[in-house]
file coords.tsv (TSV, C-alpha atoms)
chain	number	residue	atom	x	y	z
S	156	MET	CA	0.00	0.00	0.00
S	157	LEU	CA	2.84	2.41	0.87
S	158	ALA	CA	4.54	1.66	-2.46
S	159	ALA	CA	1.31	2.42	-4.32
S	160	ALA	CA	0.93	5.71	-2.46
S	161	LEU	CA	4.53	6.65	-3.16
S	162	LEU	CA	4.26	5.82	-6.83
S	163	ALA	CA	1.02	7.79	-7.03
S	164	GLY	CA	2.85	10.72	-5.42
S	165	CYS	CA	5.56	10.44	-8.04
S	166	GLN	CA	2.90	11.03	-10.68
S	167	TYR	CA	2.79	14.66	-9.49
S	168	PHE	CA	5.92	15.48	-11.51
S	169	ARG	CA	4.94	13.62	-14.66
S	170	GLY	CA	4.09	15.95	-17.52
S	171	ALA	CA	4.90	19.13	-15.59
S	172	PRO	CA	6.93	21.65	-17.60
S	173	GLY	CA	10.59	21.20	-16.69
S	174	SER	CA	10.22	17.62	-15.48
S	175	ALA	CA	12.18	14.43	-16.13
S	176	LEU	CA	12.05	10.79	-15.12
S	177	ALA	CA	14.53	7.93	-14.70
S	178	GLU	CA	13.13	4.39	-14.45
S	179	LEU	CA	15.72	2.26	-12.63
S	180	GLN	CA	16.54	-1.24	-13.83
S	181	PRO	CA	18.76	-3.64	-11.89
S	182	THR	CA	22.25	-4.44	-13.08
S	183	ARG	CA	23.29	-8.08	-13.49
S	184	GLY	CA	22.99	-9.99	-10.22
S	185	HIS	CA	20.95	-7.31	-8.42
S	186	SER	CA	17.24	-6.70	-7.87
S	187	ALA	CA	16.86	-2.97	-7.15
S	188	THR	CA	14.21	-1.16	-9.21
S	189	GLY	CA	12.44	2.14	-8.89
S	190	ARG	CA	12.25	5.65	-10.21
S	191	PHE	CA	13.67	9.11	-9.80
S	192	GLU	CA	11.52	12.04	-10.82
S	193	PHE	CA	12.91	15.54	-11.28
S	194	LEU	CA	11.09	18.86	-11.37
S	195	GLN	CA	12.66	22.26	-12.09
S	196	VAL	CA	11.46	24.68	-9.38
S	197	GLY	CA	13.05	28.06	-10.07
S	198	PRO	CA	16.83	27.67	-9.77
S	199	ARG	CA	16.53	24.32	-7.94
S	200	VAL	CA	15.56	20.80	-8.99
S	201	ARG	CA	13.24	18.80	-6.75
S	202	VAL	CA	14.16	15.12	-6.76
S	203	GLN	CA	11.69	12.48	-5.66
S	204	ALA	CA	13.01	8.93	-5.38
S	205	PHE	CA	11.48	5.54	-4.67
S	206	VAL	CA	13.61	2.38	-4.86
S	207	GLN	CA	12.81	-1.19	-3.80
S	208	GLY	CA	14.72	-4.47	-3.84
S	209	LEU	CA	17.47	-3.16	-1.56
S	210	ALA	CA	18.88	-5.05	1.42
S	211	PRO	CA	16.78	-4.22	4.50
S	212	GLY	CA	18.34	-1.44	6.59
S	213	SER	CA	21.05	-0.70	4.00
S	214	GLU	CA	22.37	2.64	2.73
S	215	HIS	CA	23.34	3.32	-0.88
S	216	GLY	CA	25.23	6.07	-2.66
S	217	VAL	CA	23.35	7.70	-5.54
S	218	HIS	CA	24.83	9.76	-8.35
S	219	VAL	CA	23.98	11.28	-11.69
S	220	HIS	CA	26.46	9.83	-14.19
S	221	GLU	CA	27.84	11.43	-17.35
S	222	VAL	CA	26.17	9.30	-20.00
S	223	GLY	CA	22.56	8.21	-20.45
S	224	ASP	CA	23.50	4.62	-21.24
S	225	CYS	CA	22.70	1.77	-18.86
S	226	SER	CA	23.24	-1.00	-21.43
S	227	ALA	CA	26.35	-2.60	-19.89
S	228	PRO	CA	25.53	-5.45	-17.48
S	229	ASP	CA	27.30	-3.52	-14.68
S	230	ALA	CA	26.15	-0.05	-15.91
S	231	ALA	CA	29.76	0.93	-16.66
S	232	SER	CA	28.39	2.41	-19.88
S	233	ALA	CA	27.03	5.30	-17.76
S	234	LYS	CA	30.68	6.40	-17.30
S	235	GLY	CA	31.74	8.47	-14.25
S	236	HIS	CA	29.95	10.99	-12.08
S	237	PHE	CA	28.47	14.00	-13.83
S	238	ASN	CA	30.92	16.79	-13.04
S	239	PRO	CA	30.63	19.67	-15.54
S	240	TYR	CA	32.49	22.15	-13.31
S	241	GLY	CA	35.51	19.95	-12.47
S	242	LYS	CA	34.86	19.93	-8.70
S	243	PRO	CA	35.87	17.24	-6.18
S	244	HIS	CA	33.42	14.58	-5.08
S	245	ALA	CA	31.74	15.68	-1.84
S	246	HIS	CA	28.59	15.66	0.25
S	247	TYR	CA	25.51	16.69	-1.74
S	248	THR	CA	25.18	19.87	0.36
S	249	ALA	CA	28.80	21.02	-0.01
S	250	LEU	CA	29.45	24.15	-2.08
S	251	GLU	CA	32.30	22.45	-3.95
S	252	ARG	CA	30.98	19.13	-5.31
S	253	HIS	CA	30.13	17.16	-8.42
S	254	ALA	CA	26.81	18.19	-9.91
S	255	GLY	CA	25.97	14.47	-9.82
S	256	ASP	CA	26.32	14.06	-6.04
S	257	LEU	CA	22.82	13.16	-4.76
S	258	PRO	CA	21.50	12.25	-1.29
S	259	PRO	CA	21.91	8.59	-0.29
S	260	LEU	CA	19.09	6.07	-0.18
S	261	LYS	CA	18.36	4.52	3.22
S	262	ALA	CA	16.33	1.32	2.97
S	263	ASP	CA	13.70	0.44	5.54
S	264	SER	CA	13.16	-3.04	7.02
S	265	ARG	CA	11.45	-4.14	3.76
S	266	GLY	CA	14.27	-2.97	1.47
S	267	ARG	CA	12.47	0.15	0.25
S	268	ALA	CA	13.85	3.68	0.23
S	269	GLU	CA	12.38	7.04	-0.64
S	270	TYR	CA	13.18	10.70	-0.39
S	271	VAL	CA	12.38	14.16	-1.65
S	272	ALA	CA	15.25	16.63	-1.92
S	273	GLU	CA	15.92	19.97	-3.59
S	274	LEU	CA	19.30	20.53	-5.22
S	275	ASP	CA	20.79	23.77	-6.45
S	276	ILE	CA	23.54	22.66	-8.80
S	277	ILE	CA	21.66	20.64	-11.42
S	278	SER	CA	19.19	21.76	-14.06
S	279	LEU	CA	16.55	20.43	-16.45
S	280	THR	CA	16.48	23.56	-18.60
S	281	GLY	CA	19.78	23.57	-20.45
S	282	GLY	CA	23.28	24.75	-19.69
S	283	PRO	CA	26.32	22.82	-18.45
S	284	ALA	CA	24.50	21.34	-15.41
S	285	ASP	CA	21.52	19.94	-17.37
S	286	ILE	CA	20.97	16.30	-16.37
S	287	VAL	CA	18.47	15.33	-19.09
S	288	GLY	CA	20.02	12.57	-21.19
S	289	ARG	CA	22.34	11.43	-18.40
S	290	SER	CA	21.75	8.56	-15.97
S	291	VAL	CA	21.03	7.96	-12.28
S	292	VAL	CA	23.00	5.14	-10.66
S	293	VAL	CA	22.36	3.47	-7.31
S	294	HIS	CA	25.49	1.94	-5.78
S	295	ALA	CA	25.87	-1.10	-3.52
S	296	ASN	CA	27.49	0.76	-0.62
S	297	PRO	CA	27.09	4.04	1.23
S	298	ASP	CA	28.93	7.05	-0.17
S	299	ASP	CA	31.67	8.21	2.21
S	300	PHE	CA	31.57	11.70	0.59
S	301	ARG	CA	35.40	11.88	0.75
S	302	THR	CA	37.08	9.26	-1.42
S	303	GLN	CA	37.87	10.60	-4.89
S	304	PRO	CA	36.47	10.44	-7.42
S	305	ALA	CA	33.38	8.43	-6.46
S	306	GLY	CA	32.94	8.17	-2.68
S	307	ASN	CA	33.88	4.48	-2.43
S	308	ALA	CA	30.23	3.60	-3.08
S	309	GLY	CA	30.97	0.28	-4.76
S	310	ALA	CA	29.24	-1.60	-7.54
S	311	ARG	CA	26.39	-0.15	-9.56
S	312	ILE	CA	23.24	-2.06	-8.62
S	313	ALA	CA	20.62	-0.09	-10.60
S	314	CYS	CA	20.67	2.44	-13.43
S	315	GLY	CA	18.13	4.59	-15.25
S	316	VAL	CA	18.39	7.11	-18.07
S	317	ILE	CA	17.02	10.58	-17.25
S	318	ARG	CA	14.43	11.49	-19.89
S	319	LYS	CA	12.36	14.64	-20.22
S	320	THR	CA	8.70	13.92	-19.58
S	321	PRO	CA	6.16	15.03	-22.18
S	322	ASP	CA	4.51	18.37	-21.36

call {"tool": "encode", "arguments": {"input": "coords.tsv", "output": "structure tokens"}}
result
Amino acid sequence: MLAAALLAGCQYFRGAPGSALAELQPTRGHSATGRFEFLQVGPRVRVQAFVQGLAPGSEHGVHVHEVGDCSAPDAASAKGHFNPYGKPHAHYTALERHAGDLPPLKADSRGRAEYVAELDIISLTGGPADIVGRSVVVHANPDDFRTQPAGNAGARIACGVIRKTPD
């Protein structure tokens, strides 16, 4: 029931001007699925995430990656973190960070995770920080927000291409 309510809530973004969606598919050997929805709200992007199929009680690093290609069995085709300004990897609230540094997912006792966050460094409306056509990747481990260049977040367990939603 909670999953249905969350997915219904995600529908809020669909079709709104300046919105995008990434449907997550598991990489080989993993079972995580879900969606990330993005909505441009002035200079910020609101991100709403719902992911299931995670280990109960686990935490996972999440990043926007350079390329909108999840075709490799391990999602290596998505390349590295999206970093148009050449900044170091850091916490998603740090002033100096990759544009692709997103909040982590924290799974509940049933292996489901959700959040809503607003980020100030990405865009859906053009320019160097536009994430449309890139990918969202969920990693196997928590992001330590220090290790360069990727936070020691481990294997890629799910990947989805960020696509503009029809207006």

call {"tool": "closest_residue", "arguments": {"input": "coords.tsv", "among": "S:Val217, S:Val287, S:Ala227, S:Val316", "to": "His246 of chain S", "atoms": "all atoms listed in the file"}}
result
S:Val217

call {"tool": "closest_residue", "arguments": {"input": "coords.tsv", "among": "S:Pro258, S:Gly288, S:Gly235, S:Pro243", "to": "Gln303 of chain S", "atoms": "only C-alpha atoms"}}
result
S:Pro243

call {"tool": "residues_around", "arguments": {"input": "coords.tsv", "residues": "segment 262-273 of chain S", "least_positions_apart": "5", "cutoff": "6 Å", "atoms": "only C-alpha atoms", "output": "number ranges by chain"}}
result
S: 200-213

call {"tool": "closest_residue", "arguments": {"input": "coords.tsv", "among": "S:His253, S:Arg190, S:His244, S:Lys234", "to": "Asn307 of chain S", "atoms": "only C-alpha atoms"}}
result
S:His244

call {"tool": "residues_around", "arguments": {"input": "coords.tsv", "residues": "Gly197 of chain S", "least_positions_apart": "5", "cutoff": "10 Å", "atoms": "only C-alpha atoms", "output": "number ranges by chain"}}
result
S: 173, 275, 278

call {"tool": "write_last_selection", "arguments": {"input": "coords.tsv", "atoms": "C-alpha atoms", "output": "tab-separated table (two decimals), keeping the file's coordinate frame"}}
result
chain	number	residue	atom	x	y	z
S	173	GLY	CA	10.59	21.20	-16.69
S	275	ASP	CA	20.79	23.77	-6.45
S	278	SER	CA	19.19	21.76	-14.06

call {"tool": "atom_distance", "arguments": {"input": "coords.tsv", "atom1": "atom CA of Phe300 of chain S", "atom2": "atom CA of Arg318 of chain S"}}
result
26.7 Å

call {"tool": "closest_residue", "arguments": {"input": "coords.tsv", "among": "S:Ser186, S:Pro321, S:Glu214, S:Glu192", "to": "Gly309 of chain S", "atoms": "only C-alpha atoms"}}
result
S:Glu214

call {"tool": "closest_residue", "arguments": {"input": "coords.tsv", "among": "S:His220, S:His215, S:Ile277, S:Ser232", "to": "Asp299 of chain S", "atoms": "all atoms listed in the file"}}
result
S:His215

call {"tool": "closest_residue", "arguments": {"input": "coords.tsv", "among": "S:Leu274, S:Lys319, S:Lys242, S:Thr248", "to": "Val196 of chain S", "atoms": "only C-alpha atoms"}}
result
S:Leu274

call {"tool": "atom_distance", "arguments": {"input": "coords.tsv", "atom1": "atom CA of Ile276 of chain S", "atom2": "atom CA of Ala233 of chain S"}}
result
19.8 Å

call {"tool": "build_atoms", "arguments": {"input": "coords.tsv", "residues": "segment 182-199 of chain S", "atoms": "N, CA and C atoms", "output": "mmCIF file, keeping the file's coordinate frame"}}
result
data_model
loop_
_atom_site.group_PDB
_atom_site.id
_atom_site.type_symbol
_atom_site.label_atom_id
_atom_site.label_comp_id
_atom_site.auth_asym_id
_atom_site.auth_seq_id
_atom_site.Cartn_x
_atom_site.Cartn_y
_atom_site.Cartn_z
ATOM 1 N N THR S 182 21.108 -3.935 -12.339
ATOM 2 C CA THR S 182 22.250 -4.440 -13.080
ATOM 3 C C THR S 182 22.335 -5.952 -12.827
ATOM 4 N N ARG S 183 23.174 -6.625 -13.590
ATOM 5 C CA ARG S 183 23.290 -8.080 -13.490
ATOM 6 C C ARG S 183 23.587 -8.505 -12.047
ATOM 7 N N GLY S 184 22.786 -9.447 -11.550
ATOM 8 C CA GLY S 184 22.990 -9.990 -10.220
ATOM 9 C C GLY S 184 22.326 -9.203 -9.100
ATOM 10 N N HIS S 185 21.592 -8.149 -9.436
ATOM 11 C CA HIS S 185 20.950 -7.310 -8.420
ATOM 12 C C HIS S 185 19.451 -7.232 -8.701
ATOM 13 N N SER S 186 18.700 -6.712 -7.722
ATOM 14 C CA SER S 186 17.240 -6.700 -7.870
ATOM 15 C C SER S 186 16.615 -5.328 -7.635
ATOM 16 N N ALA S 187 17.411 -4.292 -7.433
ATOM 17 C CA ALA S 187 16.860 -2.970 -7.150
ATOM 18 C C ALA S 187 16.169 -2.379 -8.381
ATOM 19 N N THR S 188 14.966 -1.853 -8.171
ATOM 20 C CA THR S 188 14.210 -1.160 -9.210
ATOM 21 C C THR S 188 13.585 0.079 -8.582
ATOM 22 N N GLY S 189 13.117 0.967 -9.418
ATOM 23 C CA GLY S 189 12.440 2.140 -8.890
ATOM 24 C C GLY S 189 12.432 3.271 -9.882
ATOM 25 N N ARG S 190 12.319 4.487 -9.340
ATOM 26 C CA ARG S 190 12.250 5.650 -10.210
ATOM 27 C C ARG S 190 12.766 6.872 -9.478
ATOM 28 N N PHE S 191 13.302 7.772 -10.261
ATOM 29 C CA PHE S 191 13.670 9.110 -9.800
ATOM 30 C C PHE S 191 12.914 10.080 -10.687
ATOM 31 N N GLU S 192 12.204 10.999 -10.072
ATOM 32 C CA GLU S 192 11.520 12.040 -10.820
ATOM 33 C C GLU S 192 12.134 13.373 -10.445
ATOM 34 N N PHE S 193 12.253 14.247 -11.431
ATOM 35 C CA PHE S 193 12.910 15.540 -11.280
ATOM 36 C C PHE S 193 11.971 16.634 -11.744
ATOM 37 N N LEU S 194 11.931 17.737 -11.011
ATOM 38 C CA LEU S 194 11.090 18.860 -11.370
ATOM 39 C C LEU S 194 11.867 20.153 -11.153
ATOM 40 N N GLN S 195 11.992 20.959 -12.194
ATOM 41 C CA GLN S 195 12.660 22.260 -12.090
ATOM 42 C C GLN S 195 11.723 23.198 -11.321
ATOM 43 N N VAL S 196 12.207 23.748 -10.215
ATOM 44 C CA VAL S 196 11.460 24.680 -9.380
ATOM 45 C C VAL S 196 12.343 25.918 -9.215
ATOM 46 N N GLY S 197 12.159 26.898 -10.086
ATOM 47 C CA GLY S 197 13.050 28.060 -10.070
ATOM 48 C C GLY S 197 14.471 27.612 -10.358
ATOM 49 N N PRO S 198 15.431 28.048 -9.527
ATOM 50 C CA PRO S 198 16.830 27.670 -9.770
ATOM 51 C C PRO S 198 17.196 26.295 -9.201
ATOM 52 N N ARG S 199 16.260 25.612 -8.568
ATOM 53 C CA ARG S 199 16.530 24.320 -7.940
ATOM 54 C C ARG S 199 15.795 23.208 -8.698
#
